[in-house]
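These notes are about the structure you will find just below.
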Amino acid sequence: MKTQLRSSDDDERAMADLAEVSDWRSIWGPPGTGLDAIRALVSRVTAATGWRPWAPGNIDPNRYTWGLVTPRETVMLVLPDAVLPESPRSGWSAYEIGPGEQTEAEEGLDEYWPNQLLLARKHWGAPVYVGPGDDPRVPPEWRGRRRHLAVWLKPGAEFHLYATQPGPEDAQAGFGYSVYASEVA
């Protein structure tokens, strides 16, 4: 197994960018593919956030996502019902996890989880849930895929901070966060 520990600067910027959106309801829209759907998506997000499209160009007719860049230069992958920050160069991660190394990867996640959670709390406040990813309160489609999970409710959105759960089919582990459309928030 190989590991890396990098500065949290990318996460710091991306979490601050996400925290600045006060109401996510105007960002979400109907699912769709193609030129008109992407233009509508980009227009909604740009109007609500001030983020700018990351690259002009031809839109694949099968595409339903687009990247936008924040004032802090964070690239956000935007879907009709989710936002995924592209900050792969931050924090602790493990890769090329071999057979028999899952426990070692889990120990690394456990060691660095408190710092990730502290950074998220700095920007997003107190979460409504912090616990294991296999808790029965976690929706079945997510249960067991996360070793650690924290959830924040914001107007129109749920913020998820998580540590992935390494396993036999997953040779990498690390931390991530996403924003999902929510009708309960």
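Here, A, B, ... name the chains of the structure tokens in the order displayed, residue numbers run from 1 inside each chain, and ligands are numbered from 1 in the same displayed order.
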>> Set the distance at 9 Å and use only C-alpha atoms: which residues neighbour region 90-103 of chain A once local chain neighbours fewer than 4 positions away are removed? I'd like the list as a list of chain:residue names.
In response: A:Met1, A:Lys2, A:Thr3, A:Gln4, A:Leu5, A:Arg6, A:Ser7, A:Ser8, A:Asp9, A:Asp10, A:Asp11, A:Glu12, A:Glu107, A:Gly108, A:Leu109, A:Tyr112, A:Gln116, A:Pro166, A:Gly167, A:Pro168, A:Asp170, A:Ala171, A:Gln172, A:Ala173, A:Gly174, A:Phe175
For the selection you just gave me, I'd like the residues written to a file as a short mmCIF file (atom, residue, chain, number, x, y, z; two decimals), in the first residue's frame, keeping N, CA and C atoms.
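Below you can see out-v4.cif, which holds the result:
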```cif
data_model
loop_
_atom_site.label_atom_id
_atom_site.label_comp_id
_atom_site.auth_asym_id
_atom_site.auth_seq_id
_atom_site.Cartn_x
_atom_site.Cartn_y
_atom_site.Cartn_z
N MET A 1 0.84 -1.18 0.00
CA MET A 1 0.00 0.00 0.00
C MET A 1 0.89 1.24 0.00
N LYS A 2 0.48 2.20 -0.77
CA LYS A 2 1.17 3.48 -0.79
C LYS A 2 0.24 4.53 -0.18
N THR A 3 0.83 5.50 0.52
CA THR A 3 0.03 6.57 1.10
C THR A 3 0.63 7.91 0.74
N GLN A 4 -0.20 8.92 0.85
CA GLN A 4 0.29 10.28 0.67
C GLN A 4 -0.47 11.20 1.63
N LEU A 5 0.24 12.18 2.12
CA LEU A 5 -0.36 13.19 2.99
C LEU A 5 0.01 14.54 2.40
N ARG A 6 -1.00 15.22 1.91
CA ARG A 6 -0.78 16.52 1.27
C ARG A 6 -1.48 17.62 2.05
N SER A 7 -1.11 18.81 1.75
CA SER A 7 -1.72 19.98 2.37
C SER A 7 -3.23 19.96 2.17
N SER A 8 -3.95 20.52 3.12
CA SER A 8 -5.41 20.62 3.03
C SER A 8 -5.86 21.91 2.35
N ASP A 9 -4.95 22.61 1.69
CA ASP A 9 -5.29 23.89 1.06
C ASP A 9 -6.44 23.78 0.07
N ASP A 10 -6.43 22.74 -0.78
CA ASP A 10 -7.52 22.58 -1.76
C ASP A 10 -8.86 22.37 -1.06
N ASP A 11 -8.86 21.52 -0.02
CA ASP A 11 -10.09 21.30 0.74
C ASP A 11 -10.54 22.58 1.43
N GLU A 12 -9.61 23.31 1.98
CA GLU A 12 -9.93 24.57 2.66
C GLU A 12 -10.67 25.52 1.70
N GLU A 107 -6.98 2.11 9.43
CA GLU A 107 -6.30 2.81 10.53
C GLU A 107 -5.88 4.22 10.09
N GLY A 108 -5.41 4.36 8.86
CA GLY A 108 -5.06 5.68 8.35
C GLY A 108 -6.27 6.58 8.26
N LEU A 109 -7.39 6.05 7.78
CA LEU A 109 -8.62 6.84 7.72
C LEU A 109 -9.05 7.26 9.12
N TYR A 112 -6.81 10.17 10.46
CA TYR A 112 -6.93 11.50 9.85
C TYR A 112 -8.36 12.02 9.78
N GLN A 116 -10.15 16.07 9.24
CA GLN A 116 -11.08 16.38 8.14
C GLN A 116 -12.38 16.94 8.70
N PRO A 166 -12.44 1.11 2.33
CA PRO A 166 -11.65 0.24 1.44
C PRO A 166 -12.16 -1.19 1.52
N GLY A 167 -12.05 -1.89 0.43
CA GLY A 167 -12.50 -3.28 0.40
C GLY A 167 -11.81 -4.04 -0.71
N PRO A 168 -12.21 -5.27 -0.90
CA PRO A 168 -11.55 -6.12 -1.90
C PRO A 168 -11.58 -5.55 -3.31
N ASP A 170 -11.85 -2.27 -4.00
CA ASP A 170 -11.45 -0.86 -3.99
C ASP A 170 -10.04 -0.75 -3.44
N ALA A 171 -9.09 -0.47 -4.31
CA ALA A 171 -7.67 -0.43 -3.92
C ALA A 171 -7.21 0.97 -3.54
N GLN A 172 -8.16 1.84 -3.18
CA GLN A 172 -7.79 3.18 -2.74
C GLN A 172 -8.73 3.63 -1.62
N ALA A 173 -8.27 4.56 -0.82
CA ALA A 173 -9.08 5.08 0.28
C ALA A 173 -8.67 6.52 0.53
N GLY A 174 -9.63 7.30 0.98
CA GLY A 174 -9.35 8.70 1.27
C GLY A 174 -10.61 9.39 1.72
N PHE A 175 -10.59 10.71 1.64
CA PHE A 175 -11.71 11.53 2.10
C PHE A 175 -12.32 12.28 0.94
#
```
>> Env of Tyr180 (chain A): 9 Å cut, atoms = only C-alpha atoms, seq-sep filter 6 positions within chain, self excluded. Answer as a list in words.
In response: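 These residues fall inside the cut-off: Asp81, Ala82, Val83, Leu84, Gly156, Ala157, Glu158, Phe159 and His160 of chain A.
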Taking only residues of region 85-140 of chain A that have an atom at most 12 Å from an atom of region 15-21 of chain A, what is each one's shortest atom pair and its distance in Å to one decimal, using only C-alpha atoms, in chain and number order, as CSV?
```
residue,atom,partner,partner_atom,distance
A:Pro85,CA,A:Met15,CA,8.7
A:Glu86,CA,A:Met15,CA,11.2
A:Ser87,CA,A:Met15,CA,10.0
A:Ser90,CA,A:Met15,CA,11.8
A:Gln116,CA,A:Met15,CA,10.8
A:Leu117,CA,A:Met15,CA,11.4
A:Leu118,CA,A:Met15,CA,11.7
A:Leu119,CA,A:Met15,CA,8.3
A:Ala120,CA,A:Met15,CA,6.8
A:Arg121,CA,A:Met15,CA,9.7
A:Lys122,CA,A:Ala16,CA,9.0
A:His123,CA,A:Ala16,CA,5.9
A:Trp124,CA,A:Ala19,CA,6.0
A:Gly125,CA,A:Ala19,CA,9.4
```
>> Write out as a PyMOL selection string the set of residues from region 18-179 of chain A that DSSP, computed on the backbone, places in helix (DSSP H, G or I).
In response: chain A and resi 18-19+35-49+102-124
> With only C-alpha atoms as the basis for distance, which of A:Arg52, A:Arg137, A:Arg39, A:Arg13 is at the shortest distance from Val69 (chain A)?
Replying inline: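 Of the candidates, the smallest distance to Val69 (chain A) is held by A:Arg52.
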> Where does DSSP see strand (DSSP E) in region 25-148 of chain A, if you list the residues as a list in words?
Replying inline: Arg52, Pro53, Trp66, Gly67, Leu68, Val69, Val75, Met76, Leu77, Val78, Leu79, Ala82, Val83, Leu84, Pro85, Gly91, Trp92, Ser93, Ala94, Tyr95, Tyr129, Val130, Gly131, Pro132, Arg146, Arg147 and His148 of chain A
> Given the choices A:Leu41, A:Ala14, A:Gly133, A:Arg145, which gets closest to Glu169 (chain A) if the distance is worked out from only C-alpha atoms?
Replying inline: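 Smallest separation from Glu169 (chain A) among the options: A:Arg145.
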>> Restricting the calculation to only C-alpha atoms: of A:Ser178, A:Pro155, A:Val75, A:Tyr162, which residue gets closest to Ile27 (chain A)?
In response: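 Distance minimum relative to Ile27 (chain A) lands on A:Pro155.
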